[in-house]
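The block underneath contains the structure these notes are about, expressed in structure tokens.
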Amino acid sequence: MLLPFALTALATCAVALQIPLFPQSHSEGYKFDPLLHLPGISPYFDAIGAGLNHRAPRDCEVIAASYLVRHAAIYANDKDYRNYIEPFIKKLNSTLMPTSGKRRKGWTGPLAFFAKWENPIDDADNQLEQITPQGIKDSKKVGKRLLSRYPELVPTTKKIYADTKSRTKDTAEAFIQAFPQSVEVVEIGKNRSSFHSQDPHKACKAFSKEPGDGEFKTFMLKYTAPVIARLQPFSPVELVEADIMGLQQLCGYESSITGKKSSICGVFTDDEWMAYEYAWDLKYSYMVGHGNPLSPYLGFPWLNTTAQLFENFQDGTEDDDGQRFFLSFTHREVPPFIATALGLFNSSNAAAEEFPTDKVNWSRSWKMAELIPFLGHVGIEKLTCTRQGGRLGELKKDKNMYVRIIANSAPRPIPACQDGPGASCKFEGFLALVKEGMSVYGDYDGICGNKEARDSEDFVRKELRCGNIDVKYRF
């Protein structure tokens, strides 16, 4: 018979065995940050991705890398400002006290700070779509961080590329200050064939930013209703759906402009921020993602250009100038095209199934906050590796070469090709994947309506199929 103290000891032991060796989880002390949930308008942050090591896989080295980089922070997108931010600012300024000129009356509770709040977009006509001073600082910082990944490749860089928009050129000019050597910024115009890969949507007549507008509005009306009900008692002006959207956008824009988290960010709850994120994921899915049948047509040109570039290194072409690190500066639409072509954020569900408009789909794959913050980037690395072989286990060079896709510093395995070290893709497999993609989605000018219309018609209809969606484009 066991004595009472022995029973107690056994019970204590049993409990002890149930306690993990390291009881503190990776989420210990977790705090929600809305700046990680603002697709398209947040300051840059490194993504976690699939959780793979950001460095090259063990016994591998990167021998070439090419990146598409979104421009740095702007004061505001013109459409965002005109549709959502400006209407709220006008209401806000209607509460200015006549005797003060700077203080506002009637704002209380969580909105009390608006009594003295200063609008960071105080010269909209000259600021919209323009890089902010903080954006220039962030460009240098992110440039230095990105270049630190490739100390052997960076010195080979002679040229980087930007289109004619001031926001991309200004970002490129700031980025090159991170290089230890002189680097030329080459301006790419629409008459250059490379423009189709760097800014494919801008050279495609069929592309429109309208897809998803209806679904976006439907969900916005639903999720903002309870937010309005919660905040209205603290506002001296009537709040409508567009005001809530404008306020949430100001959180991202003001934080990007000043380099400090906006007071507005604290107004909303975590679930309200997640609803905002969902609304824009929905919109981007239909506009530049797998909900738009045009997307792979606009994503494969850059993949094809990069595949050919990397293949030329292997073949040792005569016009090889030795550059092995490439940067091209673009806009928020382009990284999602690349991701869609490769299936990086795609869901097995049809777009309408993945994005219901009456609720948040918490398990969706498509989350653009992780891809298109300001200075967000997608890149392709070419790797060479060694492997153990022989009786003594000595390292031998692997005859295969590999590629990895990098999105905001994090490796993103290609669903259709991940047979290499660190879930990378054999280079031959990548070439085959791109070749197959180009065979299906390679008629860029035809699908975009850039060719002459038929003699007997005023427009050409192209029927595209993406999942269960049929879309007809008028050219």
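Chain lettering (A, B, ...) mirrors the order of the structure tokens, residue numbering begins at 1 for each chain separately, and ligand numbering begins at 1 in order of display.
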_With only C-alpha atoms as the counted atoms, please give the residues lying no more than 7 Å from stretch 259-271 of chain A, apart from itself and same-chain residues fewer than 5 positions off, as a PyMOL selection string._
chain A and resi 32+34+110+134+247+251+254
*List every residue of stretch 123-185 of chain A that DSSP, applied to the backbone, labels as alpha helix (DSSP H), and write the result as an NGL selection string.*
:A and (124-127 or 133-147 or 166-175)
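Across the structure, atom CA of A:Thr132 and atom CA of A:Ile85 are spaced 17.4 Å apart.
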*Give me the residues within 9 Å of A:Glu61 as a list in words, counting only C-alpha atoms and dropping any in the same chain fewer than 5 places off.*
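Listed by chain and then number, they are Ala56, Lys382, Leu383, Thr384 and Cys385 of chain A.
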Save out the residues we just selected, C-alpha atoms, as an mmCIF file, in the first residue's frame.
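The resulting part_13.cif:
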data_model
loop_
_atom_site.group_PDB
_atom_site.id
_atom_site.type_symbol
_atom_site.label_atom_id
_atom_site.label_comp_id
_atom_site.auth_asym_id
_atom_site.auth_seq_id
_atom_site.Cartn_x
_atom_site.Cartn_y
_atom_site.Cartn_z
ATOM 1 C CA ALA A 56 20.180 30.043 -48.395
ATOM 2 C CA LYS A 382 19.480 30.928 -58.500
ATOM 3 C CA LEU A 383 21.326 28.491 -56.249
ATOM 4 C CA THR A 384 24.178 26.059 -56.537
ATOM 5 C CA CYS A 385 24.659 23.452 -53.820
#
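Comparing the minimum interatomic distances between A:Ala279 and each of A:Gln418, A:Ser409, A:Gln130, A:Gln248, counting only C-alpha atoms, we find that A:Gln248 sits nearest.
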*Using only C-alpha atoms, which of the listed residues (A:Asp170, A:Asp122, A:Glu436, A:Asp33) sits closest to A:Ile257?*
A:Asp122
_DSSP strand (DSSP E) residues within stretch 200-403 of chain A, as an NGL selection string_ = :A and (325-330 or 377-389 or 394-403)
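Compared by their closest atoms to A:Trp366, and using only C-alpha atoms, the residues A:Gly422, A:Pro336, A:Gly446, A:Pro98 rank with A:Pro336 nearest.
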*Using only C-alpha atoms, find the one residue out of A:Cys448, A:Ile136, A:Leu111, A:Leu153 that sits nearest to A:Pro296.*
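Distance minimum relative to A:Pro296 lands on A:Cys448.
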*asked:* Show me, as a VMD selection string, the residues that have an atom within 12 Å of A:Glu311 when counting only C-alpha atoms, minus same-chain residues fewer than 5 positions from it.
replied: chain A and resid 64 304 to 306 316 to 317 320 382 401 to 403 427 to 428 430 to 432
Preceding selection exported with all heavy atoms as a tab-separated table (two decimals), in the first residue's frame:
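out-v2.tsv, freshly written:
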chain	number	residue	atom	x	y	z
A	64	ALA	N	22.92	34.10	-58.33
A	64	ALA	CA	22.26	35.18	-59.07
A	64	ALA	C	20.92	35.46	-58.40
A	64	ALA	O	20.31	34.56	-57.81
A	64	ALA	CB	22.05	34.83	-60.54
A	304	ASN	N	9.40	34.75	-67.35
A	304	ASN	CA	10.07	34.28	-68.57
A	304	ASN	C	11.36	35.05	-68.81
A	304	ASN	O	12.40	34.46	-69.15
A	304	ASN	CB	9.13	34.44	-69.76
A	304	ASN	CG	9.68	33.81	-71.02
A	304	ASN	OD1	10.11	32.68	-71.03
A	304	ASN	ND2	9.67	34.57	-72.11
A	305	THR	N	11.31	36.37	-68.62
A	305	THR	CA	12.52	37.19	-68.79
A	305	THR	C	13.61	36.76	-67.83
A	305	THR	O	14.79	36.63	-68.20
A	305	THR	CB	12.18	38.68	-68.57
A	305	THR	OG1	11.24	39.10	-69.55
A	305	THR	CG2	13.43	39.54	-68.66
A	306	THR	N	13.23	36.52	-66.57
A	306	THR	CA	14.21	36.13	-65.56
A	306	THR	C	14.74	34.73	-65.82
A	306	THR	O	15.95	34.47	-65.65
A	306	THR	CB	13.57	36.20	-64.16
A	306	THR	OG1	13.05	37.52	-63.94
A	306	THR	CG2	14.60	35.89	-63.08
A	316	GLY	N	26.78	30.90	-70.79
A	316	GLY	CA	27.94	31.75	-71.05
A	316	GLY	C	27.85	32.54	-72.34
A	316	GLY	O	28.73	32.47	-73.19
A	317	THR	N	26.78	33.30	-72.53
A	317	THR	CA	26.60	34.08	-73.75
A	317	THR	C	27.63	35.21	-73.83
A	317	THR	O	28.12	35.70	-72.82
A	317	THR	CB	25.18	34.68	-73.81
A	317	THR	OG1	24.96	35.46	-72.63
A	317	THR	CG2	24.14	33.58	-73.87
A	320	ASP	N	27.22	38.66	-71.90
A	320	ASP	CA	27.16	38.61	-70.45
A	320	ASP	C	28.17	39.61	-69.88
A	320	ASP	O	29.37	39.47	-70.06
A	320	ASP	CB	27.48	37.19	-69.97
A	320	ASP	CG	27.36	37.04	-68.46
A	320	ASP	OD1	27.09	38.04	-67.78
A	320	ASP	OD2	27.54	35.91	-67.97
A	382	LYS	N	18.93	32.13	-57.88
A	382	LYS	CA	19.48	30.93	-58.50
A	382	LYS	C	20.56	30.39	-57.57
A	382	LYS	O	21.46	31.12	-57.15
A	382	LYS	CB	20.06	31.23	-59.88
A	382	LYS	CG	20.51	29.98	-60.63
A	382	LYS	CD	21.00	30.32	-62.03
A	382	LYS	CE	21.39	29.06	-62.80
A	382	LYS	NZ	21.89	29.36	-64.16
A	401	MET	N	21.09	22.76	-60.45
A	401	MET	CA	20.95	24.11	-59.94
A	401	MET	C	19.50	24.28	-59.51
A	401	MET	O	18.62	23.53	-59.95
A	401	MET	CB	21.33	25.14	-61.01
A	401	MET	CG	22.74	25.00	-61.50
A	401	MET	SD	23.59	26.57	-61.48
A	401	MET	CE	25.23	26.08	-62.02
A	402	TYR	N	19.25	25.26	-58.66
A	402	TYR	CA	17.92	25.42	-58.08
A	402	TYR	C	17.51	26.90	-58.08
A	402	TYR	O	18.35	27.79	-58.23
A	402	TYR	CB	17.91	24.88	-56.64
A	402	TYR	CG	18.36	23.44	-56.53
A	402	TYR	CD1	19.72	23.13	-56.32
A	402	TYR	CD2	17.45	22.40	-56.65
A	402	TYR	CE1	20.13	21.81	-56.23
A	402	TYR	CE2	17.86	21.07	-56.55
A	402	TYR	CZ	19.21	20.79	-56.35
A	402	TYR	OH	19.62	19.48	-56.28
A	403	VAL	N	16.22	27.12	-57.91
A	403	VAL	CA	15.73	28.49	-57.72
A	403	VAL	C	14.82	28.53	-56.50
A	403	VAL	O	14.16	27.54	-56.16
A	403	VAL	CB	14.95	29.01	-58.96
A	403	VAL	CG1	15.82	29.08	-60.18
A	403	VAL	CG2	13.70	28.18	-59.23
A	427	PHE	N	16.33	23.95	-61.23
A	427	PHE	CA	16.31	24.97	-62.27
A	427	PHE	C	15.64	24.46	-63.54
A	427	PHE	O	14.86	25.16	-64.18
A	427	PHE	CB	17.74	25.45	-62.57
A	427	PHE	CG	17.79	26.61	-63.52
A	427	PHE	CD1	17.13	27.79	-63.24
A	427	PHE	CD2	18.51	26.52	-64.71
A	427	PHE	CE1	17.18	28.85	-64.11
A	427	PHE	CE2	18.56	27.58	-65.58
A	427	PHE	CZ	17.89	28.76	-65.29
A	428	GLU	N	15.92	23.20	-63.89
A	428	GLU	CA	15.29	22.63	-65.08
A	428	GLU	C	13.77	22.56	-64.91
A	428	GLU	O	13.01	22.80	-65.85
A	428	GLU	CB	15.83	21.22	-65.36
A	428	GLU	CG	17.27	21.18	-65.83
A	428	GLU	CD	18.27	21.37	-64.68
A	428	GLU	OE1	17.83	21.40	-63.50
A	428	GLU	OE2	19.48	21.47	-64.97
A	430	PHE	N	12.02	24.59	-63.05
A	430	PHE	CA	11.53	25.97	-63.13
A	430	PHE	C	11.41	26.41	-64.59
A	430	PHE	O	10.42	27.02	-64.99
A	430	PHE	CB	12.48	26.89	-62.37
A	430	PHE	CG	12.11	28.35	-62.44
A	430	PHE	CD1	10.98	28.83	-61.79
A	430	PHE	CD2	12.89	29.25	-63.15
A	430	PHE	CE1	10.63	30.17	-61.85
A	430	PHE	CE2	12.56	30.59	-63.22
A	430	PHE	CZ	11.42	31.05	-62.56
A	431	LEU	N	12.42	26.08	-65.38
A	431	LEU	CA	12.37	26.42	-66.81
A	431	LEU	C	11.18	25.75	-67.47
A	431	LEU	O	10.47	26.36	-68.29
A	431	LEU	CB	13.66	25.99	-67.49
A	431	LEU	CG	14.93	26.75	-67.13
A	431	LEU	CD1	16.14	26.15	-67.87
A	431	LEU	CD2	14.81	28.23	-67.44
A	432	ALA	N	10.92	24.49	-67.12
A	432	ALA	CA	9.80	23.76	-67.70
A	432	ALA	C	8.47	24.38	-67.27
A	432	ALA	O	7.53	24.50	-68.07
A	432	ALA	CB	9.85	22.29	-67.29
*Which one is closest to A:Gly189: A:Glu210, A:Asp358, A:Glu353, A:Asp163? Count only C-alpha atoms.*
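Of A:Glu210, A:Asp358, A:Glu353, A:Asp163, the one nearest A:Gly189 is A:Asp163, counting only C-alpha atoms.
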*Using only C-alpha atoms, determine which residues lie at most 12 Å from A:Gln232, disregarding the query and same-chain residues fewer than 2 positions distant; provide the list as a PyMOL selection string.*
chain A and resi 106-111+224-230+234-241+243-244
*Kindly give the distance, in Å, that separates atom CA of A:Leu282 and atom CA of A:Arg82, rounded to a single decimal.*
20.8 Å
Per residue of stretch 208-300 of chain A within 12 Å of stretch 372-380 of chain A, record the nearest atom pair and its distance in Å to one decimal, counting only C-alpha atoms, with rows in chain order and ascending residue number, as CSV.
residue,atom,partner,partner_atom,distance
A:Gly252,CA,A:Pro373,CA,9.8
A:Tyr253,CA,A:Phe374,CA,10.2
A:Ser255,CA,A:Phe374,CA,11.5
A:Ser256,CA,A:Phe374,CA,8.4
A:Ile257,CA,A:Phe374,CA,11.1
A:Trp280,CA,A:Ile372,CA,11.5
A:Asp281,CA,A:Ile372,CA,10.9
A:Tyr284,CA,A:Ile372,CA,10.5
A:Val288,CA,A:Ile372,CA,11.7
A:Gly299,CA,A:Val378,CA,11.7
Convert the current residue selection to file output with N, CA and C atoms, as a PDB file, in the first residue's frame.
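Just written: out08.pdb:
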ATOM      1  N   GLY A 252      -2.605  53.743 -41.961  1.00  0.00           N
ATOM      2  CA  GLY A 252      -1.449  53.290 -42.740  1.00  0.00           C
ATOM      3  C   GLY A 252      -0.676  54.428 -43.355  1.00  0.00           C
ATOM      4  N   TYR A 253      -1.376  55.346 -44.004  1.00  0.00           N
ATOM      5  CA  TYR A 253      -0.689  56.447 -44.685  1.00  0.00           C
ATOM      6  C   TYR A 253       0.047  57.358 -43.702  1.00  0.00           C
ATOM      7  N   SER A 255       1.161  56.667 -40.725  1.00  0.00           N
ATOM      8  CA  SER A 255       2.307  55.936 -40.153  1.00  0.00           C
ATOM      9  C   SER A 255       3.460  55.881 -41.145  1.00  0.00           C
ATOM     10  N   SER A 256       3.135  55.719 -42.433  1.00  0.00           N
ATOM     11  CA  SER A 256       4.178  55.668 -43.467  1.00  0.00           C
ATOM     12  C   SER A 256       4.783  57.045 -43.724  1.00  0.00           C
ATOM     13  N   ILE A 257       3.982  58.085 -43.549  1.00  0.00           N
ATOM     14  CA  ILE A 257       4.461  59.444 -43.786  1.00  0.00           C
ATOM     15  C   ILE A 257       5.394  59.899 -42.669  1.00  0.00           C
ATOM     16  N   TRP A 280      -9.802  44.392 -48.546  1.00  0.00           N
ATOM     17  CA  TRP A 280      -8.806  44.704 -49.572  1.00  0.00           C
ATOM     18  C   TRP A 280      -8.205  43.443 -50.183  1.00  0.00           C
ATOM     19  N   ASP A 281      -8.117  42.362 -49.424  1.00  0.00           N
ATOM     20  CA  ASP A 281      -7.705  41.084 -50.022  1.00  0.00           C
ATOM     21  C   ASP A 281      -8.709  40.663 -51.089  1.00  0.00           C
ATOM     22  N   TYR A 284      -8.152  42.971 -54.164  1.00  0.00           N
ATOM     23  CA  TYR A 284      -6.936  42.637 -54.905  1.00  0.00           C
ATOM     24  C   TYR A 284      -7.040  41.278 -55.583  1.00  0.00           C
ATOM     25  N   VAL A 288      -6.040  41.845 -59.287  1.00  0.00           N
ATOM     26  CA  VAL A 288      -4.687  41.449 -59.700  1.00  0.00           C
ATOM     27  C   VAL A 288      -4.335  40.015 -59.315  1.00  0.00           C
ATOM     28  N   GLY A 299       1.727  38.091 -65.306  1.00  0.00           N
ATOM     29  CA  GLY A 299       2.783  37.640 -64.410  1.00  0.00           C
ATOM     30  C   GLY A 299       3.891  36.860 -65.089  1.00  0.00           C
TER      31      GLY A 299
END
*Could you give me, as number ranges by chain, the residues within 12 Å of A:Tyr286, counting only C-alpha atoms and dropping anything in the same chain fewer than 3 positions from it?*
A: 207-216, 279-283, 289-295, 333, 336-337, 340, 350-352, 354-355, 366, 466, 469, 471
*Could you check how far atom CA of A:Trp362 sits from atom CA of A:Phe219, in Å to one decimal?*
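One can read the atom CA of A:Trp362 to atom CA of A:Phe219 distance as 14.4 Å.
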_Which residue is closest to A:Ser347? Choose from A:Ser197, A:Ser424, A:Ser166, A:Ser365 and count only C-alpha atoms._
A:Ser365
